[in-house]
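Written below as structure tokens is the structure these notes are about.
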Amino acid sequence: MADKARIAVIGAGLMGHGIAQVFGLAGHEVSIFDTVAANLAQVRSRIVANLRDLGDDEAAAERVRPCADLGETVRDADFVVEAAPENLALKQKLFADIESHARPDAILASNTSVIPITSIMQGLRDRARALGTHWWNPPFLVPLVEVIGTQWTSPQAIAWTMELHAAAGKKPAHVKKDVPGFIGNRLQHALWREAIALVEQGICDAETVDTVIKAAFGRRLAVLGPLENADLVGTDLTLAIHQTVLPAIDSRPAPSPYLEKLVADGKLGFKSGEGFRKWSPEAQAALRAKVVQHLKKARAGDA
Ligand SMILES: NC(=O)c1ccc[n+]([C@@H]2O[C@H](COP(=O)([O-])OP(=O)(O)OC[C@H]3O[C@@H](n4cnc5c(N)ncnc54)[C@H](O)[C@@H]3O)[C@@H](O)[C@H]2O)c1
């Protein structure tokens, strides 16, 4: 991998500007494209504000070059990452355009949250260089990037991408099969399904679910993954627990009717002031600030 790669980011929104920031801070030359001029105009000031807040080198923003032309943005790039809206047709069209302008050896990646990489990339002429890189928000505070290969992706493209992200200070994880939710969101939403079921079944209220997680295994999760934990307590004990517990926990292959009713009733969470719980503007701001503080502390601890 080149120490100084040329990176093109497509989409300068929440994820795109943060991804550009990480690569700029790692010393790469970054070009960034957006169809909305105002978003492109703001990208550098957003990055400077983030860098300042984190105490990172503000010169990194100078390595991020906003560009209003897609062809020019990707023409010289070694690596192109798309962070445009979560819409299959839009992403397919973008990658067809990107492929027509990019160098034949450039690696092409999508930061889709849940759309199979196979569906996005199937129309490309060269699918061996196409893959997924799934970042987590905010990109400059959450270390993980899932690197997803399809049946066509070359091992070289995966290896180069893993190295690029590791060298930029991220924690890349290789997802060997292009399955919905990759790894992180499958795990996260298995937990959310049971969290909702506990409330739906009247076992506890929503606040209690969150308290139980945050005050118990949530405390350990950042340093003790579930499979490390299973080994720690013993696979025999894990088996005995599963024999009793698994038949009792939710395994419905569809969203909970409780969740569907919340949405139908307009209880959309922060944006409507109520979801599983009620949220005043002050409570929303306090929770957002608490999460960012926590992530900043964790990042400082990693350094
Ligand atoms: N927000 C998250 O927490 C998160 C986490 C992981 C992955 N993702 C994924 O990342 C992608 C981007 O999400 P986001 O939250 O940054 O969205 P966003 O709405 O903040 O940003 C999308 C940007 O793309 C621009 N855009 C629209 N059409 C475009 C086009 N044709 N070409 C280039 N740019 C275009 C928009 O103007 C906007 O600036 C989505 O696929 C999303 O699912 C989001």
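Quick note on naming: the chains in the structure tokens go A, B, ... in the order shown, residues restart at 1 in each chain, and ligands are numbered from 1 in order of appearance.
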> Taking the backbone alone, and naming residues the way the document does, which bits of segment 184-213 of chain A are alpha helix (DSSP H) by DSSP, as a PyMOL selection string?
Replying inline: chain A and resi 184-200+206-213
Contact check, chain A to ligand 1, at most 7 Å, counting only C-alpha atoms and all ligand atoms, closest pairs as a tab-separated table:
residue	atom	partner	partner_atom_place_in_ligand_line	distance
A:Ile10	CA	ligand 1	33 (C)	5.1
A:Gly11	CA	ligand 1	34 (N)	3.7
A:Ala12	CA	ligand 1	39 (O)	4.5
A:Gly13	CA	ligand 1	21 (O)	3.3
A:Leu14	CA	ligand 1	16 (O)	3.8
A:Met15	CA	ligand 1	16 (O)	3.6
A:Gly16	CA	ligand 1	16 (O)	5.5
A:Phe33	CA	ligand 1	33 (C)	6.0
A:Asp34	CA	ligand 1	34 (N)	3.9
A:Thr35	CA	ligand 1	34 (N)	4.9
A:Val36	CA	ligand 1	37 (O)	4.7
A:Asn39	CA	ligand 1	39 (O)	5.4
A:Ala83	CA	ligand 1	11 (C)	4.0
A:Ala84	CA	ligand 1	24 (O)	3.7
A:Pro85	CA	ligand 1	40 (C)	4.6
A:Glu86	CA	ligand 1	41 (O)	3.8
A:Leu90	CA	ligand 1	31 (N)	6.2
A:Leu94	CA	ligand 1	31 (N)	6.3
A:Asn111	CA	ligand 1	10 (O)	5.0
A:Thr112	CA	ligand 1	41 (O)	3.8
A:Ser113	CA	ligand 1	43 (O)	4.1
A:Val114	CA	ligand 1	43 (O)	6.8
A:His134	CA	ligand 1	7 (C)	5.9
A:Trp135	CA	ligand 1	6 (C)	5.1
A:Trp136	CA	ligand 1	5 (C)	4.7
A:Asn137	CA	ligand 1	3 (O)	4.5
Just write the chosen residues, N, CA and C atoms, as a compact mmCIF listing (two decimals), in the first residue's frame.
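part.txt, freshly written:
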# COMPACT_ATOMS: atom_id res chain seq x y z
N ILE A 10 -17.09 9.98 -2.34
CA ILE A 10 -18.28 10.41 -3.08
C ILE A 10 -19.42 10.59 -2.09
N GLY A 11 -19.85 11.84 -1.90
CA GLY A 11 -20.86 12.16 -0.89
C GLY A 11 -20.17 12.84 0.28
N ALA A 12 -20.54 14.10 0.55
CA ALA A 12 -19.87 14.88 1.60
C ALA A 12 -20.80 15.12 2.77
N GLY A 13 -21.61 14.13 3.10
CA GLY A 13 -22.55 14.27 4.22
C GLY A 13 -21.91 13.85 5.53
N LEU A 14 -22.77 13.34 6.42
CA LEU A 14 -22.33 12.95 7.76
C LEU A 14 -21.14 11.98 7.70
N MET A 15 -21.26 10.92 6.90
CA MET A 15 -20.20 9.91 6.85
C MET A 15 -19.06 10.35 5.94
N GLY A 16 -19.40 10.89 4.76
CA GLY A 16 -18.37 11.23 3.77
C GLY A 16 -17.36 12.23 4.29
N PHE A 33 -16.51 14.64 -3.53
CA PHE A 33 -17.55 15.11 -4.46
C PHE A 33 -18.91 15.04 -3.82
N ASP A 34 -19.78 16.01 -4.14
CA ASP A 34 -21.18 15.95 -3.72
C ASP A 34 -21.99 16.66 -4.78
N THR A 35 -23.23 16.22 -4.98
CA THR A 35 -24.09 16.88 -5.96
C THR A 35 -24.69 18.17 -5.40
N VAL A 36 -24.66 18.32 -4.07
CA VAL A 36 -25.23 19.53 -3.45
C VAL A 36 -24.08 20.50 -3.14
N ASN A 39 -23.23 21.44 0.50
CA ASN A 39 -22.56 20.41 1.31
C ASN A 39 -21.06 20.37 1.00
N ALA A 83 -20.16 7.37 -0.24
CA ALA A 83 -21.00 7.58 0.96
C ALA A 83 -22.17 8.49 0.58
N ALA A 84 -22.86 8.10 -0.48
CA ALA A 84 -24.05 8.83 -0.96
C ALA A 84 -25.29 8.19 -0.31
N PRO A 85 -26.48 8.74 -0.50
CA PRO A 85 -27.66 8.20 0.19
C PRO A 85 -27.90 6.70 -0.04
N GLU A 86 -28.57 6.11 0.95
CA GLU A 86 -28.80 4.66 0.99
C GLU A 86 -29.91 4.28 0.01
N LEU A 90 -29.50 4.64 -7.02
CA LEU A 90 -28.55 5.77 -7.02
C LEU A 90 -27.11 5.24 -6.94
N LEU A 94 -24.17 5.56 -9.70
CA LEU A 94 -22.91 6.22 -9.32
C LEU A 94 -21.71 5.35 -9.68
N ASN A 111 -19.90 2.49 1.19
CA ASN A 111 -20.10 2.54 2.65
C ASN A 111 -21.57 2.27 3.01
N THR A 112 -22.28 1.53 2.14
CA THR A 112 -23.68 1.23 2.44
C THR A 112 -23.85 0.63 3.84
N SER A 113 -24.98 0.96 4.48
CA SER A 113 -25.26 0.39 5.80
C SER A 113 -25.75 -1.06 5.68
N VAL A 114 -26.66 -1.28 4.74
CA VAL A 114 -27.28 -2.62 4.68
C VAL A 114 -27.49 -3.18 3.28
N HIS A 134 -17.63 -0.64 5.43
CA HIS A 134 -18.72 -0.13 6.28
C HIS A 134 -18.15 0.51 7.54
N TRP A 135 -18.19 1.85 7.56
CA TRP A 135 -17.73 2.63 8.70
C TRP A 135 -18.88 2.82 9.68
N TRP A 136 -18.54 3.29 10.88
CA TRP A 136 -19.54 3.56 11.92
C TRP A 136 -19.45 5.03 12.30
N ASN A 137 -20.57 5.59 12.68
CA ASN A 137 -20.64 7.01 12.97
C ASN A 137 -20.29 7.34 14.44
>> Report, in Å with one decimal, the straight-line distance from atom CA of His294 of chain A to atom CA of Ala190 of chain A.
In response: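 Atom CA of His294 of chain A sits 23.5 Å away from atom CA of Ala190 of chain A.
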> Near Ala168 of chain A, counting only C-alpha atoms, which residues have an atom at most 7 Å away, once you skip same-chain residues fewer than 6 positions from it, shown as an MDAnalysis selection string?
Replying inline: chainID A and resid 22:23 26
May I have the residues from that selection written out with all heavy atoms, as a PDB file, in the first residue's frame?
ATOM      1  N   VAL A  22     -10.540  11.343   8.174  1.00  0.00           N
ATOM      2  CA  VAL A  22      -9.644  10.273   8.643  1.00  0.00           C
ATOM      3  C   VAL A  22      -8.507  10.062   7.642  1.00  0.00           C
ATOM      4  O   VAL A  22      -7.335   9.970   8.025  1.00  0.00           O
ATOM      5  CB  VAL A  22     -10.435   8.961   8.862  1.00  0.00           C
ATOM      6  CG1 VAL A  22      -9.484   7.790   9.100  1.00  0.00           C
ATOM      7  CG2 VAL A  22     -11.412   9.112  10.026  1.00  0.00           C
ATOM      8  N   PHE A  23      -8.851  10.018   6.355  1.00  0.00           N
ATOM      9  CA  PHE A  23      -7.800   9.786   5.355  1.00  0.00           C
ATOM     10  C   PHE A  23      -6.865  11.007   5.236  1.00  0.00           C
ATOM     11  O   PHE A  23      -5.660  10.848   5.050  1.00  0.00           O
ATOM     12  CB  PHE A  23      -8.411   9.413   3.995  1.00  0.00           C
ATOM     13  CG  PHE A  23      -8.913   7.994   3.940  1.00  0.00           C
ATOM     14  CD1 PHE A  23     -10.222   7.709   3.570  1.00  0.00           C
ATOM     15  CD2 PHE A  23      -8.077   6.934   4.260  1.00  0.00           C
ATOM     16  CE1 PHE A  23     -10.679   6.393   3.520  1.00  0.00           C
ATOM     17  CE2 PHE A  23      -8.528   5.613   4.217  1.00  0.00           C
ATOM     18  CZ  PHE A  23      -9.834   5.343   3.847  1.00  0.00           C
ATOM     19  N   ALA A  26      -4.469  10.917   7.988  1.00  0.00           N
ATOM     20  CA  ALA A  26      -3.470   9.856   7.800  1.00  0.00           C
ATOM     21  C   ALA A  26      -2.433  10.237   6.747  1.00  0.00           C
ATOM     22  O   ALA A  26      -1.534   9.443   6.444  1.00  0.00           O
ATOM     23  CB  ALA A  26      -4.168   8.550   7.409  1.00  0.00           C
TER      24      ALA A  26
END
Interface rows for segment 164-262 of chain A against segment 148-158 of chain A: nearest pair, Å to one decimal, 6 Å, only C-alpha atoms, as CSV:
residue,atom,partner,partner_atom,distance
A:Val175,CA,A:Ile148,CA,4.7
A:Lys176,CA,A:Gly149,CA,5.9
A:Asp178,CA,A:Thr150,CA,5.5
Since we have the selection now, will you write its residues out, keeping N, CA and C atoms, as a PDB file, in the first residue's frame?
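Contents of the output file result-v9.pdb:
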ATOM      1  N   VAL A 175     -15.168  -9.208   6.322  1.00  0.00           N
ATOM      2  CA  VAL A 175     -16.438  -9.947   6.249  1.00  0.00           C
ATOM      3  C   VAL A 175     -16.347 -10.817   4.991  1.00  0.00           C
ATOM      4  N   LYS A 176     -16.282 -12.133   5.179  1.00  0.00           N
ATOM      5  CA  LYS A 176     -15.946 -13.011   4.055  1.00  0.00           C
ATOM      6  C   LYS A 176     -17.125 -13.303   3.138  1.00  0.00           C
ATOM      7  N   ASP A 178     -20.972 -11.706   1.710  1.00  0.00           N
ATOM      8  CA  ASP A 178     -21.755 -10.480   1.583  1.00  0.00           C
ATOM      9  C   ASP A 178     -23.185 -10.714   2.087  1.00  0.00           C
TER      10      ASP A 178
END
>> Applying 10 Å and only C-alpha atoms, which residues near Pro116 of chain A remain after dropping the ones on its own chain fewer than 6 positions away? List them as a PyMOL selection string.
In response: chain A and resi 88+110+132+148+150+178-182
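The neighbours of Ser31 of chain A here are the residues that come within 7 Å of it, using only C-alpha atoms and leaving out any residue fewer than 4 positions away in the same chain; they are Ile7, Ala8, Val9, Val64, Arg65, Pro66, Cys67 and Thr73 of chain A.
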Any idea what's packed within 12 Å of Leu54 of chain A, counting only C-alpha atoms, ignoring anything in its chain fewer than 4 positions away? Could you give it as a PDB file with N, CA and C atoms, in the first residue's frame?
ATOM      1  N   GLN A  21     -11.931  13.131   6.447  1.00  0.00           N
ATOM      2  CA  GLN A  21     -11.103  13.633   7.558  1.00  0.00           C
ATOM      3  C   GLN A  21     -10.086  12.587   8.009  1.00  0.00           C
ATOM      4  N   LEU A  25      -6.120  13.053   7.670  1.00  0.00           N
ATOM      5  CA  LEU A  25      -5.280  13.039   8.868  1.00  0.00           C
ATOM      6  C   LEU A  25      -4.180  11.979   8.752  1.00  0.00           C
ATOM      7  N   ILE A  47     -14.717  19.717   8.783  1.00  0.00           N
ATOM      8  CA  ILE A  47     -13.541  18.910   9.158  1.00  0.00           C
ATOM      9  C   ILE A  47     -12.645  19.684  10.119  1.00  0.00           C
ATOM     10  N   VAL A  48     -12.428  20.979   9.840  1.00  0.00           N
ATOM     11  CA  VAL A  48     -11.593  21.799  10.741  1.00  0.00           C
ATOM     12  C   VAL A  48     -12.203  21.810  12.138  1.00  0.00           C
ATOM     13  N   ALA A  49     -13.521  21.998  12.217  1.00  0.00           N
ATOM     14  CA  ALA A  49     -14.190  22.035  13.533  1.00  0.00           C
ATOM     15  C   ALA A  49     -13.995  20.716  14.270  1.00  0.00           C
ATOM     16  N   ASN A  50     -14.136  19.594  13.557  1.00  0.00           N
ATOM     17  CA  ASN A  50     -13.933  18.276  14.200  1.00  0.00           C
ATOM     18  C   ASN A  50     -12.492  18.126  14.686  1.00  0.00           C
ATOM     19  N   GLU A  58      -4.918  20.382  12.395  1.00  0.00           N
ATOM     20  CA  GLU A  58      -5.889  21.016  11.491  1.00  0.00           C
ATOM     21  C   GLU A  58      -5.405  21.073  10.043  1.00  0.00           C
ATOM     22  N   PHE A 140     -14.560   9.312  12.672  1.00  0.00           N
ATOM     23  CA  PHE A 140     -13.274   9.661  13.302  1.00  0.00           C
ATOM     24  C   PHE A 140     -13.226   9.283  14.775  1.00  0.00           C
ATOM     25  N   LEU A 141     -14.311   8.692  15.295  1.00  0.00           N
ATOM     26  CA  LEU A 141     -14.286   8.260  16.700  1.00  0.00           C
ATOM     27  C   LEU A 141     -14.516   6.764  16.880  1.00  0.00           C
ATOM     28  N   VAL A 292     -20.742  11.203  22.727  1.00  0.00           N
ATOM     29  CA  VAL A 292     -19.528  11.754  22.118  1.00  0.00           C
ATOM     30  C   VAL A 292     -18.395  11.802  23.158  1.00  0.00           C
ATOM     31  N   GLN A 293     -18.709  12.224  24.375  1.00  0.00           N
ATOM     32  CA  GLN A 293     -17.696  12.262  25.438  1.00  0.00           C
ATOM     33  C   GLN A 293     -17.107  10.875  25.668  1.00  0.00           C
ATOM     34  N   LEU A 295     -17.043   8.328  23.572  1.00  0.00           N
ATOM     35  CA  LEU A 295     -16.233   7.882  22.425  1.00  0.00           C
ATOM     36  C   LEU A 295     -14.885   8.596  22.396  1.00  0.00           C
ATOM     37  N   LYS A 296     -14.882   9.870  22.789  1.00  0.00           N
ATOM     38  CA  LYS A 296     -13.615  10.619  22.814  1.00  0.00           C
ATOM     39  C   LYS A 296     -12.668  10.027  23.864  1.00  0.00           C
ATOM     40  N   LYS A 297     -13.225   9.701  25.014  1.00  0.00           N
ATOM     41  CA  LYS A 297     -12.403   9.109  26.078  1.00  0.00           C
ATOM     42  C   LYS A 297     -11.829   7.771  25.625  1.00  0.00           C
ATOM     43  N   ARG A 299     -11.261   6.842  22.588  1.00  0.00           N
ATOM     44  CA  ARG A 299     -10.237   7.094  21.564  1.00  0.00           C
ATOM     45  C   ARG A 299      -8.937   7.530  22.226  1.00  0.00           C
ATOM     46  N   ALA A 300      -9.049   8.377  23.238  1.00  0.00           N
ATOM     47  CA  ALA A 300      -7.843   8.820  23.951  1.00  0.00           C
ATOM     48  C   ALA A 300      -7.171   7.614  24.608  1.00  0.00           C
TER      49      ALA A 300
END
>> When you look at Ala206 of chain A with a cut-off of 7 Å (counting only C-alpha atoms), what residues show up, excluding the ones that are within fewer than 3 positions of it in the same chain? I need them as a list in words.
In response: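 Close residues of Ala206 of chain A: Val199, Val209, Asp210, Phe276 and Arg277 of chain A.
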>> Just list as JSON, numbers by chain whatever in segment 48-264 of chain A DSSP marks as strand (DSSP E).
In response: {"A": [64, 65, 66, 67, 79, 80, 81, 82, 107, 108, 109, 110, 130, 131, 132, 133, 134, 135, 144, 145, 146, 147, 148, 171, 172, 173, 174, 175]}
> Which is closest to Ala38 of chain A among A:Asn229, A:Asp78, A:Ala68, A:Ala195, if we use only C-alpha atoms?
Replying inline: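 Checking each of A:Asn229, A:Asp78, A:Ala68, A:Ala195 against Ala38 of chain A, counting only C-alpha atoms, the winner is A:Ala68.
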> What gap, in Å, lies between atom CA of Lys278 of chain A and atom CA of Asp265 of chain A?
Replying inline: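 If I compute the distance from atom CA of Lys278 of chain A to atom CA of Asp265 of chain A, I get 13.6 Å.
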